[in-house]
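Content type mmCIF, N, CA and C atoms, from the file structure_10.cif:
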data_start
#
loop_
_atom_site.label_atom_id
_atom_site.label_comp_id
_atom_site.auth_asym_id
_atom_site.auth_seq_id
_atom_site.Cartn_x
_atom_site.Cartn_y
_atom_site.Cartn_z
N MET A 1 3.75 72.99 -69.39
CA MET A 1 4.07 73.70 -70.62
C MET A 1 5.14 74.74 -70.31
N GLN A 2 6.12 74.81 -71.20
CA GLN A 2 7.17 75.81 -71.08
C GLN A 2 7.18 76.68 -72.33
N ASP A 3 7.69 77.88 -72.16
CA ASP A 3 7.80 78.82 -73.26
C ASP A 3 9.27 79.15 -73.46
N TRP A 4 9.68 79.16 -74.72
CA TRP A 4 11.08 79.33 -75.09
C TRP A 4 11.23 80.48 -76.09
N ILE A 5 12.27 81.30 -75.91
CA ILE A 5 12.66 82.27 -76.92
C ILE A 5 13.61 81.55 -77.87
N TYR A 6 13.33 81.61 -79.15
CA TYR A 6 14.17 80.99 -80.18
C TYR A 6 14.69 82.12 -81.06
N ILE A 7 16.00 82.34 -81.02
CA ILE A 7 16.61 83.47 -81.72
C ILE A 7 16.89 83.11 -83.18
N LEU A 8 16.46 83.98 -84.08
CA LEU A 8 16.76 83.84 -85.50
C LEU A 8 17.49 85.08 -85.99
N ASN A 9 18.48 84.88 -86.83
CA ASN A 9 19.18 85.99 -87.46
C ASN A 9 18.88 85.90 -88.96
N PRO A 10 17.99 86.77 -89.46
CA PRO A 10 17.62 86.68 -90.87
C PRO A 10 18.80 86.81 -91.84
N ASN A 11 19.92 87.37 -91.38
CA ASN A 11 21.09 87.49 -92.24
C ASN A 11 21.90 86.19 -92.31
N LYS A 12 21.67 85.27 -91.39
CA LYS A 12 22.42 84.01 -91.36
C LYS A 12 21.54 82.78 -91.46
N ASP A 13 20.37 82.80 -90.83
CA ASP A 13 19.50 81.63 -90.77
C ASP A 13 18.55 81.61 -91.96
N THR A 14 18.26 80.40 -92.43
CA THR A 14 17.31 80.26 -93.53
C THR A 14 16.26 79.20 -93.18
N LEU A 15 15.13 79.28 -93.86
CA LEU A 15 14.07 78.29 -93.77
C LEU A 15 13.79 77.83 -95.20
N ASP A 16 14.16 76.61 -95.49
CA ASP A 16 14.00 76.08 -96.85
C ASP A 16 14.62 77.01 -97.89
N GLY A 17 15.79 77.57 -97.57
CA GLY A 17 16.50 78.43 -98.50
C GLY A 17 16.06 79.89 -98.51
N GLU A 18 15.04 80.22 -97.73
CA GLU A 18 14.57 81.60 -97.65
C GLU A 18 15.09 82.24 -96.37
N PRO A 19 15.24 83.57 -96.35
CA PRO A 19 15.71 84.21 -95.13
C PRO A 19 14.71 83.99 -93.99
N ALA A 20 15.22 83.74 -92.81
CA ALA A 20 14.38 83.51 -91.63
C ALA A 20 13.96 84.86 -91.04
N ASP A 21 13.14 85.58 -91.79
CA ASP A 21 12.66 86.87 -91.31
C ASP A 21 11.17 86.76 -90.97
N LYS A 22 10.64 87.84 -90.41
CA LYS A 22 9.25 87.76 -89.94
C LYS A 22 8.26 87.62 -91.09
N GLU A 23 8.57 88.14 -92.27
CA GLU A 23 7.69 87.97 -93.42
C GLU A 23 7.61 86.50 -93.84
N THR A 24 8.76 85.84 -93.89
CA THR A 24 8.80 84.42 -94.25
C THR A 24 8.04 83.59 -93.22
N MET A 25 8.27 83.85 -91.95
CA MET A 25 7.60 83.09 -90.89
C MET A 25 6.09 83.29 -90.96
N ARG A 26 5.67 84.50 -91.21
CA ARG A 26 4.22 84.76 -91.30
C ARG A 26 3.62 84.00 -92.48
N ARG A 27 4.28 84.05 -93.63
CA ARG A 27 3.77 83.33 -94.79
C ARG A 27 3.72 81.83 -94.54
N LEU A 28 4.80 81.29 -93.97
CA LEU A 28 4.85 79.85 -93.68
C LEU A 28 3.78 79.44 -92.68
N SER A 29 3.45 80.31 -91.75
CA SER A 29 2.41 79.97 -90.75
C SER A 29 1.08 79.69 -91.43
N HIS A 30 0.85 80.27 -92.60
CA HIS A 30 -0.38 80.04 -93.35
C HIS A 30 -0.23 78.96 -94.41
N ASP A 31 0.90 78.95 -95.11
CA ASP A 31 1.08 78.06 -96.27
C ASP A 31 1.67 76.70 -95.93
N ASP A 32 2.57 76.64 -94.97
CA ASP A 32 3.29 75.40 -94.64
C ASP A 32 3.73 75.46 -93.18
N PRO A 33 2.76 75.37 -92.24
CA PRO A 33 3.08 75.66 -90.83
C PRO A 33 3.95 74.62 -90.11
N LYS A 34 3.98 73.37 -90.59
CA LYS A 34 4.78 72.35 -89.91
C LYS A 34 6.22 72.43 -90.39
N SER A 35 7.14 72.46 -89.44
CA SER A 35 8.55 72.56 -89.80
C SER A 35 9.38 71.94 -88.68
N ASP A 36 10.67 71.88 -88.89
CA ASP A 36 11.57 71.49 -87.81
C ASP A 36 12.64 72.56 -87.71
N PHE A 37 13.11 72.75 -86.49
CA PHE A 37 14.07 73.81 -86.19
C PHE A 37 15.26 73.20 -85.49
N TRP A 38 16.45 73.71 -85.83
CA TRP A 38 17.69 73.16 -85.28
C TRP A 38 17.92 73.62 -83.86
N LEU A 39 18.61 72.79 -83.12
CA LEU A 39 19.03 73.09 -81.75
C LEU A 39 20.49 72.70 -81.61
N SER A 40 21.27 73.52 -80.95
CA SER A 40 22.69 73.18 -80.76
C SER A 40 22.85 72.15 -79.64
N ARG A 41 21.88 72.09 -78.74
CA ARG A 41 21.92 71.07 -77.69
C ARG A 41 20.50 70.62 -77.41
N ARG A 42 20.37 69.54 -76.72
CA ARG A 42 19.04 68.99 -76.44
C ARG A 42 18.40 69.77 -75.29
N ASN A 43 17.45 70.60 -75.60
CA ASN A 43 16.69 71.29 -74.58
C ASN A 43 15.56 70.38 -74.12
N HIS A 44 15.09 70.61 -72.93
CA HIS A 44 14.03 69.75 -72.39
C HIS A 44 12.67 70.27 -72.83
N MET A 45 12.45 70.23 -74.14
CA MET A 45 11.18 70.66 -74.71
C MET A 45 10.25 69.47 -74.78
N ASN A 46 8.97 69.77 -74.67
CA ASN A 46 7.95 68.74 -74.74
C ASN A 46 6.83 69.19 -75.67
N PRO A 47 6.07 68.23 -76.21
CA PRO A 47 4.92 68.62 -77.01
C PRO A 47 4.03 69.58 -76.22
N GLY A 48 3.56 70.61 -76.91
CA GLY A 48 2.72 71.62 -76.26
C GLY A 48 3.48 72.85 -75.81
N ASP A 49 4.82 72.74 -75.66
CA ASP A 49 5.62 73.92 -75.35
C ASP A 49 5.52 74.90 -76.52
N ARG A 50 5.83 76.15 -76.27
CA ARG A 50 5.80 77.15 -77.33
C ARG A 50 7.19 77.68 -77.62
N LEU A 51 7.43 77.95 -78.91
CA LEU A 51 8.65 78.63 -79.37
C LEU A 51 8.24 80.02 -79.82
N TRP A 52 8.80 81.03 -79.19
CA TRP A 52 8.56 82.42 -79.56
C TRP A 52 9.76 82.87 -80.37
N PHE A 53 9.57 83.22 -81.64
CA PHE A 53 10.67 83.52 -82.53
C PHE A 53 11.06 85.00 -82.44
N TYR A 54 12.29 85.18 -81.98
CA TYR A 54 12.89 86.51 -81.82
C TYR A 54 13.81 86.74 -83.01
N PHE A 55 13.55 87.81 -83.73
CA PHE A 55 14.35 88.15 -84.91
C PHE A 55 15.42 89.14 -84.48
N GLY A 56 16.67 88.69 -84.53
CA GLY A 56 17.79 89.44 -83.97
C GLY A 56 18.31 90.58 -84.82
N GLN A 57 17.80 90.77 -86.00
CA GLN A 57 18.26 91.86 -86.86
C GLN A 57 17.06 92.71 -87.25
N GLN A 58 17.34 93.89 -87.71
CA GLN A 58 16.35 94.87 -88.13
C GLN A 58 15.53 95.33 -86.93
N GLU A 59 14.46 94.62 -86.57
CA GLU A 59 13.56 95.09 -85.53
C GLU A 59 13.92 94.61 -84.13
N SER A 60 14.61 93.49 -83.99
CA SER A 60 14.95 92.88 -82.70
C SER A 60 13.73 92.72 -81.82
N ALA A 61 12.85 91.80 -82.25
CA ALA A 61 11.60 91.59 -81.53
C ALA A 61 11.06 90.19 -81.83
N VAL A 62 10.13 89.74 -80.98
CA VAL A 62 9.40 88.50 -81.24
C VAL A 62 8.23 88.83 -82.16
N ALA A 63 8.14 88.12 -83.28
CA ALA A 63 7.08 88.38 -84.25
C ALA A 63 6.48 87.10 -84.82
N ALA A 64 6.68 85.94 -84.16
CA ALA A 64 6.07 84.69 -84.61
C ALA A 64 6.09 83.70 -83.44
N VAL A 65 5.18 82.72 -83.50
CA VAL A 65 5.12 81.72 -82.44
C VAL A 65 4.71 80.38 -83.03
N ALA A 66 5.25 79.30 -82.44
CA ALA A 66 4.93 77.94 -82.87
C ALA A 66 4.70 77.08 -81.63
N GLU A 67 4.03 75.96 -81.84
CA GLU A 67 3.84 74.98 -80.78
C GLU A 67 4.70 73.77 -81.09
N VAL A 68 5.42 73.29 -80.10
CA VAL A 68 6.29 72.12 -80.25
C VAL A 68 5.42 70.87 -80.42
N ASP A 69 5.74 70.07 -81.44
CA ASP A 69 4.98 68.86 -81.74
C ASP A 69 5.58 67.60 -81.13
N SER A 70 6.90 67.58 -80.93
CA SER A 70 7.55 66.38 -80.41
C SER A 70 8.81 66.78 -79.65
N GLU A 71 9.32 65.85 -78.86
CA GLU A 71 10.58 66.11 -78.16
C GLU A 71 11.71 66.25 -79.18
N PRO A 72 12.75 67.01 -78.85
CA PRO A 72 13.90 67.13 -79.76
C PRO A 72 14.50 65.75 -80.08
N GLN A 73 14.88 65.59 -81.35
CA GLN A 73 15.48 64.35 -81.82
C GLN A 73 16.90 64.63 -82.30
N GLU A 74 17.75 63.62 -82.17
CA GLU A 74 19.11 63.77 -82.67
C GLU A 74 19.11 63.94 -84.19
N ALA A 75 20.01 64.79 -84.65
CA ALA A 75 20.20 65.03 -86.08
C ALA A 75 21.69 64.91 -86.36
N PRO A 76 22.20 63.68 -86.47
CA PRO A 76 23.65 63.47 -86.56
C PRO A 76 24.31 64.03 -87.82
N ASP A 77 23.53 64.48 -88.81
CA ASP A 77 24.11 65.00 -90.05
C ASP A 77 24.84 66.33 -89.84
N ASP A 78 24.51 67.06 -88.79
CA ASP A 78 25.03 68.41 -88.61
C ASP A 78 25.79 68.52 -87.28
N PRO A 79 27.12 68.63 -87.32
CA PRO A 79 27.89 68.67 -86.07
C PRO A 79 27.63 69.93 -85.23
N ASP A 80 27.22 71.03 -85.87
CA ASP A 80 26.96 72.26 -85.12
C ASP A 80 25.59 72.26 -84.45
N PHE A 81 24.65 71.60 -85.06
CA PHE A 81 23.28 71.57 -84.55
C PHE A 81 22.83 70.13 -84.51
N GLY A 82 23.13 69.47 -83.40
CA GLY A 82 22.93 68.04 -83.27
C GLY A 82 21.51 67.59 -83.00
N TYR A 83 20.56 68.54 -82.87
CA TYR A 83 19.18 68.18 -82.56
C TYR A 83 18.23 69.01 -83.40
N ARG A 84 17.08 68.45 -83.63
CA ARG A 84 15.99 69.15 -84.33
C ARG A 84 14.72 68.96 -83.50
N VAL A 85 13.86 69.96 -83.56
CA VAL A 85 12.57 69.84 -82.90
C VAL A 85 11.48 70.20 -83.91
N GLU A 86 10.44 69.37 -83.97
CA GLU A 86 9.33 69.63 -84.86
C GLU A 86 8.35 70.57 -84.17
N ALA A 87 7.84 71.53 -84.94
CA ALA A 87 6.90 72.50 -84.39
C ALA A 87 5.96 72.97 -85.49
N THR A 88 4.81 73.48 -85.07
CA THR A 88 3.82 74.02 -86.00
C THR A 88 3.63 75.51 -85.71
N LEU A 89 3.88 76.32 -86.72
CA LEU A 89 3.65 77.76 -86.60
C LEU A 89 2.16 78.02 -86.43
N LEU A 90 1.81 78.95 -85.54
CA LEU A 90 0.42 79.28 -85.26
C LEU A 90 0.04 80.54 -86.04
N PRO A 91 -0.82 80.42 -87.08
CA PRO A 91 -1.08 81.55 -87.95
C PRO A 91 -1.73 82.76 -87.28
N GLY A 92 -2.79 82.57 -86.52
CA GLY A 92 -3.46 83.71 -85.89
C GLY A 92 -2.55 84.47 -84.94
N PRO A 93 -1.93 83.77 -83.98
CA PRO A 93 -1.01 84.45 -83.07
C PRO A 93 0.20 85.06 -83.78
N THR A 94 0.70 84.39 -84.84
CA THR A 94 1.82 84.96 -85.59
C THR A 94 1.39 86.23 -86.31
N ASP A 95 0.20 86.25 -86.87
CA ASP A 95 -0.32 87.47 -87.49
C ASP A 95 -0.38 88.61 -86.48
N ALA A 96 -0.88 88.29 -85.28
CA ALA A 96 -1.00 89.31 -84.23
C ALA A 96 0.38 89.86 -83.83
N LEU A 97 1.35 88.97 -83.67
CA LEU A 97 2.71 89.39 -83.30
C LEU A 97 3.38 90.14 -84.45
N TYR A 98 3.12 89.73 -85.67
CA TYR A 98 3.68 90.41 -86.83
C TYR A 98 3.25 91.88 -86.82
N GLY A 99 2.00 92.11 -86.51
CA GLY A 99 1.48 93.48 -86.49
C GLY A 99 1.87 94.27 -85.25
N ASN A 100 2.18 93.57 -84.17
CA ASN A 100 2.52 94.24 -82.90
C ASN A 100 3.58 93.41 -82.17
N PRO A 101 4.82 93.41 -82.69
CA PRO A 101 5.88 92.58 -82.11
C PRO A 101 6.25 93.00 -80.69
N VAL A 102 6.88 92.06 -79.99
CA VAL A 102 7.34 92.31 -78.61
C VAL A 102 8.83 92.59 -78.66
N SER A 103 9.22 93.78 -78.23
CA SER A 103 10.61 94.24 -78.35
C SER A 103 11.53 93.57 -77.34
N ARG A 104 12.80 93.69 -77.60
CA ARG A 104 13.82 93.14 -76.70
C ARG A 104 13.68 93.68 -75.29
N ASP A 105 13.43 94.98 -75.14
CA ASP A 105 13.27 95.57 -73.81
C ASP A 105 12.08 94.95 -73.08
N GLU A 106 10.98 94.72 -73.78
CA GLU A 106 9.80 94.13 -73.16
C GLU A 106 10.05 92.68 -72.75
N LEU A 107 10.96 92.01 -73.45
CA LEU A 107 11.27 90.61 -73.15
C LEU A 107 12.20 90.44 -71.96
N GLU A 108 12.80 91.54 -71.50
CA GLU A 108 13.74 91.51 -70.38
C GLU A 108 14.93 90.61 -70.71
N LEU A 109 15.38 90.65 -71.96
CA LEU A 109 16.52 89.82 -72.36
C LEU A 109 17.82 90.46 -71.91
N GLY A 110 18.64 89.68 -71.27
CA GLY A 110 19.99 90.12 -70.95
C GLY A 110 20.87 89.67 -72.10
N GLN A 111 21.69 88.68 -71.82
CA GLN A 111 22.52 88.09 -72.86
C GLN A 111 21.62 87.29 -73.80
N VAL A 112 21.77 87.50 -75.08
CA VAL A 112 20.95 86.80 -76.05
C VAL A 112 21.62 85.49 -76.43
N ARG A 113 20.95 84.38 -76.14
CA ARG A 113 21.41 83.04 -76.51
C ARG A 113 20.44 82.46 -77.51
N SER A 114 20.85 81.43 -78.23
CA SER A 114 20.01 80.89 -79.30
C SER A 114 18.66 80.38 -78.79
N ILE A 115 18.63 79.75 -77.63
CA ILE A 115 17.39 79.27 -77.03
C ILE A 115 17.45 79.60 -75.54
N GLN A 116 16.38 80.17 -75.03
CA GLN A 116 16.31 80.42 -73.60
C GLN A 116 14.86 80.46 -73.16
N LYS A 117 14.62 80.20 -71.88
CA LYS A 117 13.25 80.21 -71.37
C LYS A 117 12.75 81.65 -71.28
N VAL A 118 11.46 81.81 -71.49
CA VAL A 118 10.81 83.11 -71.38
C VAL A 118 10.67 83.47 -69.91
N LYS A 119 10.99 84.71 -69.57
CA LYS A 119 10.82 85.19 -68.20
C LYS A 119 9.34 85.43 -67.93
N PRO A 120 8.89 85.20 -66.68
CA PRO A 120 7.46 85.32 -66.37
C PRO A 120 6.83 86.66 -66.75
N GLY A 121 7.53 87.76 -66.52
CA GLY A 121 6.97 89.07 -66.88
C GLY A 121 6.79 89.23 -68.38
N ALA A 122 7.72 88.68 -69.13
CA ALA A 122 7.64 88.76 -70.59
C ALA A 122 6.55 87.85 -71.14
N LEU A 123 6.31 86.71 -70.49
CA LEU A 123 5.30 85.78 -70.97
C LEU A 123 3.92 86.44 -71.00
N LYS A 124 3.62 87.20 -70.00
CA LYS A 124 2.32 87.89 -69.95
C LYS A 124 2.16 88.79 -71.18
N ILE A 125 3.19 89.52 -71.52
CA ILE A 125 3.14 90.42 -72.69
C ILE A 125 3.03 89.62 -73.98
N LEU A 126 3.81 88.54 -74.11
CA LEU A 126 3.77 87.71 -75.31
C LEU A 126 2.37 87.12 -75.52
N LEU A 127 1.80 86.56 -74.48
CA LEU A 127 0.48 85.95 -74.59
C LEU A 127 -0.57 87.00 -74.98
N GLU A 128 -0.48 88.16 -74.38
CA GLU A 128 -1.43 89.23 -74.69
C GLU A 128 -1.32 89.67 -76.15
N ARG A 129 -0.10 89.95 -76.61
CA ARG A 129 0.10 90.41 -77.98
C ARG A 129 -0.29 89.35 -79.01
N ALA A 130 -0.09 88.07 -78.66
CA ALA A 130 -0.41 86.98 -79.58
C ALA A 130 -1.89 86.60 -79.54
N GLY A 131 -2.62 87.15 -78.58
CA GLY A 131 -4.03 86.83 -78.44
C GLY A 131 -4.27 85.43 -77.90
N LEU A 132 -3.33 84.95 -77.09
CA LEU A 132 -3.47 83.60 -76.50
C LEU A 132 -3.88 83.68 -75.03
#

Kindly return the structure encoded in the file as structure tokens.
Amino acid sequence: MQDWIYILNPNKDTLDGEPADKETMRRLSHDDPKSDFWLSRRNHMNPGDRLWFYFGQQESAVAAVAEVDSEPQEAPDDPDFGYRVEATLLPGPTDALYGNPVSRDELELGQVRSIQKVKPGALKILLERAGL
């Protein structure tokens, strides 16, 4: 199992036409948890991996988490984001992170990229805050 930071910018990214902010993610985790997320390149994700959603605006913190359901698939309709990965938002852990997000400093993030692996020190904090 691998853990990935997935960067969202609520000012640019949308989920079904709604802003990709922590409120939307929390609501979706309860109302419609299965979704697919774009990838600019094929990451070596596998079912059971986790996506930790980092919101790059306003709070700059991880405040939601999902479990990967399938390996990334090609999405030829979009030249900028050629892959999609199916994942299920986890309501309990997302609620916990919503109430107590993990900040950028705690994540030990250097350069922020759209997808990157979680550093071991940060994983401990993420798991604790999410109640996993």

Return as number ranges by chain the set of residues that the PyMOL selection byres ((chain A and resi 74-90) around 7) yields on the displayed structure. A: 28-30, 32-42, 64-73, 91-95

Could you tell me, as JSON, numbers by chain, which residues of chain A DSSP assigns to strand (DSSP E) when given the backbone? {"A": [3, 4, 5, 6, 7, 8, 14, 15, 18, 19, 34, 35, 36, 37, 38, 39, 50, 51, 52, 53, 54, 55, 61, 62, 63, 64, 65, 66, 67, 68, 73, 74, 83, 84, 85, 86, 87, 88, 89, 102, 103, 115, 116, 117]}

Could you turn the residues from that selection into a file that holds N, CA and C atoms, as a compact mmCIF listing (two decimals), in the frame of the given file?
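The file below, again.txt, is the result:
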# COMPACT_ATOMS: atom_id res chain seq x y z
N ASP A 3 7.69 77.88 -72.16
CA ASP A 3 7.80 78.82 -73.26
C ASP A 3 9.27 79.15 -73.46
N TRP A 4 9.68 79.16 -74.72
CA TRP A 4 11.08 79.33 -75.09
C TRP A 4 11.23 80.48 -76.09
N ILE A 5 12.27 81.30 -75.91
CA ILE A 5 12.66 82.27 -76.92
C ILE A 5 13.61 81.55 -77.87
N TYR A 6 13.33 81.61 -79.15
CA TYR A 6 14.17 80.99 -80.18
C TYR A 6 14.69 82.12 -81.06
N ILE A 7 16.00 82.34 -81.02
CA ILE A 7 16.61 83.47 -81.72
C ILE A 7 16.89 83.11 -83.18
N LEU A 8 16.46 83.98 -84.08
CA LEU A 8 16.76 83.84 -85.50
C LEU A 8 17.49 85.08 -85.99
N THR A 14 18.26 80.40 -92.43
CA THR A 14 17.31 80.26 -93.53
C THR A 14 16.26 79.20 -93.18
N LEU A 15 15.13 79.28 -93.86
CA LEU A 15 14.07 78.29 -93.77
C LEU A 15 13.79 77.83 -95.20
N GLU A 18 15.04 80.22 -97.73
CA GLU A 18 14.57 81.60 -97.65
C GLU A 18 15.09 82.24 -96.37
N PRO A 19 15.24 83.57 -96.35
CA PRO A 19 15.71 84.21 -95.13
C PRO A 19 14.71 83.99 -93.99
N LYS A 34 3.98 73.37 -90.59
CA LYS A 34 4.78 72.35 -89.91
C LYS A 34 6.22 72.43 -90.39
N SER A 35 7.14 72.46 -89.44
CA SER A 35 8.55 72.56 -89.80
C SER A 35 9.38 71.94 -88.68
N ASP A 36 10.67 71.88 -88.89
CA ASP A 36 11.57 71.49 -87.81
C ASP A 36 12.64 72.56 -87.71
N PHE A 37 13.11 72.75 -86.49
CA PHE A 37 14.07 73.81 -86.19
C PHE A 37 15.26 73.20 -85.49
N TRP A 38 16.45 73.71 -85.83
CA TRP A 38 17.69 73.16 -85.28
C TRP A 38 17.92 73.62 -83.86
N LEU A 39 18.61 72.79 -83.12
CA LEU A 39 19.03 73.09 -81.75
C LEU A 39 20.49 72.70 -81.61
N ARG A 50 5.83 76.15 -76.27
CA ARG A 50 5.80 77.15 -77.33
C ARG A 50 7.19 77.68 -77.62
N LEU A 51 7.43 77.95 -78.91
CA LEU A 51 8.65 78.63 -79.37
C LEU A 51 8.24 80.02 -79.82
N TRP A 52 8.80 81.03 -79.19
CA TRP A 52 8.56 82.42 -79.56
C TRP A 52 9.76 82.87 -80.37
N PHE A 53 9.57 83.22 -81.64
CA PHE A 53 10.67 83.52 -82.53
C PHE A 53 11.06 85.00 -82.44
N TYR A 54 12.29 85.18 -81.98
CA TYR A 54 12.89 86.51 -81.82
C TYR A 54 13.81 86.74 -83.01
N PHE A 55 13.55 87.81 -83.73
CA PHE A 55 14.35 88.15 -84.91
C PHE A 55 15.42 89.14 -84.48
N ALA A 61 12.85 91.80 -82.25
CA ALA A 61 11.60 91.59 -81.53
C ALA A 61 11.06 90.19 -81.83
N VAL A 62 10.13 89.74 -80.98
CA VAL A 62 9.40 88.50 -81.24
C VAL A 62 8.23 88.83 -82.16
N ALA A 63 8.14 88.12 -83.28
CA ALA A 63 7.08 88.38 -84.25
C ALA A 63 6.48 87.10 -84.82
N ALA A 64 6.68 85.94 -84.16
CA ALA A 64 6.07 84.69 -84.61
C ALA A 64 6.09 83.70 -83.44
N VAL A 65 5.18 82.72 -83.50
CA VAL A 65 5.12 81.72 -82.44
C VAL A 65 4.71 80.38 -83.03
N ALA A 66 5.25 79.30 -82.44
CA ALA A 66 4.93 77.94 -82.87
C ALA A 66 4.70 77.08 -81.63
N GLU A 67 4.03 75.96 -81.84
CA GLU A 67 3.84 74.98 -80.78
C GLU A 67 4.70 73.77 -81.09
N VAL A 68 5.42 73.29 -80.10
CA VAL A 68 6.29 72.12 -80.25
C VAL A 68 5.42 70.87 -80.42
N GLN A 73 14.88 65.59 -81.35
CA GLN A 73 15.48 64.35 -81.82
C GLN A 73 16.90 64.63 -82.30
N GLU A 74 17.75 63.62 -82.17
CA GLU A 74 19.11 63.77 -82.67
C GLU A 74 19.11 63.94 -84.19
N TYR A 83 20.56 68.54 -82.87
CA TYR A 83 19.18 68.18 -82.56
C TYR A 83 18.23 69.01 -83.40
N ARG A 84 17.08 68.45 -83.63
CA ARG A 84 15.99 69.15 -84.33
C ARG A 84 14.72 68.96 -83.50
N VAL A 85 13.86 69.96 -83.56
CA VAL A 85 12.57 69.84 -82.90
C VAL A 85 11.48 70.20 -83.91
N GLU A 86 10.44 69.37 -83.97
CA GLU A 86 9.33 69.63 -84.86
C GLU A 86 8.35 70.57 -84.17
N ALA A 87 7.84 71.53 -84.94
CA ALA A 87 6.90 72.50 -84.39
C ALA A 87 5.96 72.97 -85.49
N THR A 88 4.81 73.48 -85.07
CA THR A 88 3.82 74.02 -86.00
C THR A 88 3.63 75.51 -85.71
N LEU A 89 3.88 76.32 -86.72
CA LEU A 89 3.65 77.76 -86.60
C LEU A 89 2.16 78.02 -86.43
N VAL A 102 6.88 92.06 -79.99
CA VAL A 102 7.34 92.31 -78.61
C VAL A 102 8.83 92.59 -78.66
N SER A 103 9.22 93.78 -78.23
CA SER A 103 10.61 94.24 -78.35
C SER A 103 11.53 93.57 -77.34
N ILE A 115 18.63 79.75 -77.63
CA ILE A 115 17.39 79.27 -77.03
C ILE A 115 17.45 79.60 -75.54
N GLN A 116 16.38 80.17 -75.03
CA GLN A 116 16.31 80.42 -73.60
C GLN A 116 14.86 80.46 -73.16
N LYS A 117 14.62 80.20 -71.88
CA LYS A 117 13.25 80.21 -71.37
C LYS A 117 12.75 81.65 -71.28

Rounded to one decimal place, report the atom CA of Glu106 of chain A-atom C of Leu123 of chain A distance in Å.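 About the pair atom CA of Glu106 of chain A and atom C of Leu123 of chain A: they are 9.9 Å apart.
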
Of the listed residues A:Glu128, A:Phe53, A:Val102, A:Gly121, that which approaches Ile5 of chain A most closely, counting only N, CA and C atoms: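 Among the listed residues, the smallest separation from Ile5 of chain A belongs to A:Phe53.
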
Can you list, as a PyMOL selection string, all residues belonging to segment 18-125 of chain A that DSSP tags as helix (DSSP H, G or I)? chain A and resi 22-31+91-99+104-107+120-125

Atom CA of Asp13 of chain A to atom CA of Ala63 of chain A, straight-line distance in Å: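 So the answer is 15.6 Å.
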
Determine the residue membership of the PyMOL selection byres (((chain A and resi 119 and name CA) around 9) and name CA) for the file above and supply it as a list in words. Asp3, Leu107, Glu108, Leu109, Lys117, Val118, Pro120, Gly121, Ala122 and Leu123 of chain A

Using atom CA of Trp4 of chain A and atom CA of Ile115 of chain A as the two end points, give the distance in Å to one decimal.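 We find that atom CA of Trp4 of chain A and atom CA of Ile115 of chain A lie 6.6 Å from each other.
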
Output the residue selection produced by the PyMOL selection byres ((chain A and resi 6-12) around 6.5) on the file above, formatted as JSON, numbers by chain. {"A": [4, 5, 13, 14, 19, 20, 21, 51, 52, 53, 54, 55, 56, 57, 113, 114, 115, 116]}

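If all atoms listed in the file are the atoms counted, then among A:Arg104, A:Leu126, A:Val62, A:Gln2 the closest residue to Met45 of chain A is A:Gln2.
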
What's the 8 Å shell around Met1 of chain A, counting only N, CA and C atoms, without same-chain residues fewer than 3 positions away, as a tab-separated table (two decimals) with N, CA and C atoms, keeping the file's coordinate frame?
chain	number	residue	atom	x	y	z
A	4	TRP	N	9.68	79.16	-74.72
A	4	TRP	CA	11.08	79.33	-75.09
A	4	TRP	C	11.23	80.48	-76.09
A	46	ASN	N	8.97	69.77	-74.67
A	46	ASN	CA	7.95	68.74	-74.74
A	46	ASN	C	6.83	69.19	-75.67
A	47	PRO	N	6.07	68.23	-76.21
A	47	PRO	CA	4.92	68.62	-77.01
A	47	PRO	C	4.03	69.58	-76.22
A	48	GLY	N	3.56	70.61	-76.91
A	48	GLY	CA	2.72	71.62	-76.26
A	48	GLY	C	3.48	72.85	-75.81
A	49	ASP	N	4.82	72.74	-75.66
A	49	ASP	CA	5.62	73.92	-75.35
A	49	ASP	C	5.52	74.90	-76.52
A	50	ARG	N	5.83	76.15	-76.27
A	50	ARG	CA	5.80	77.15	-77.33
A	50	ARG	C	7.19	77.68	-77.62
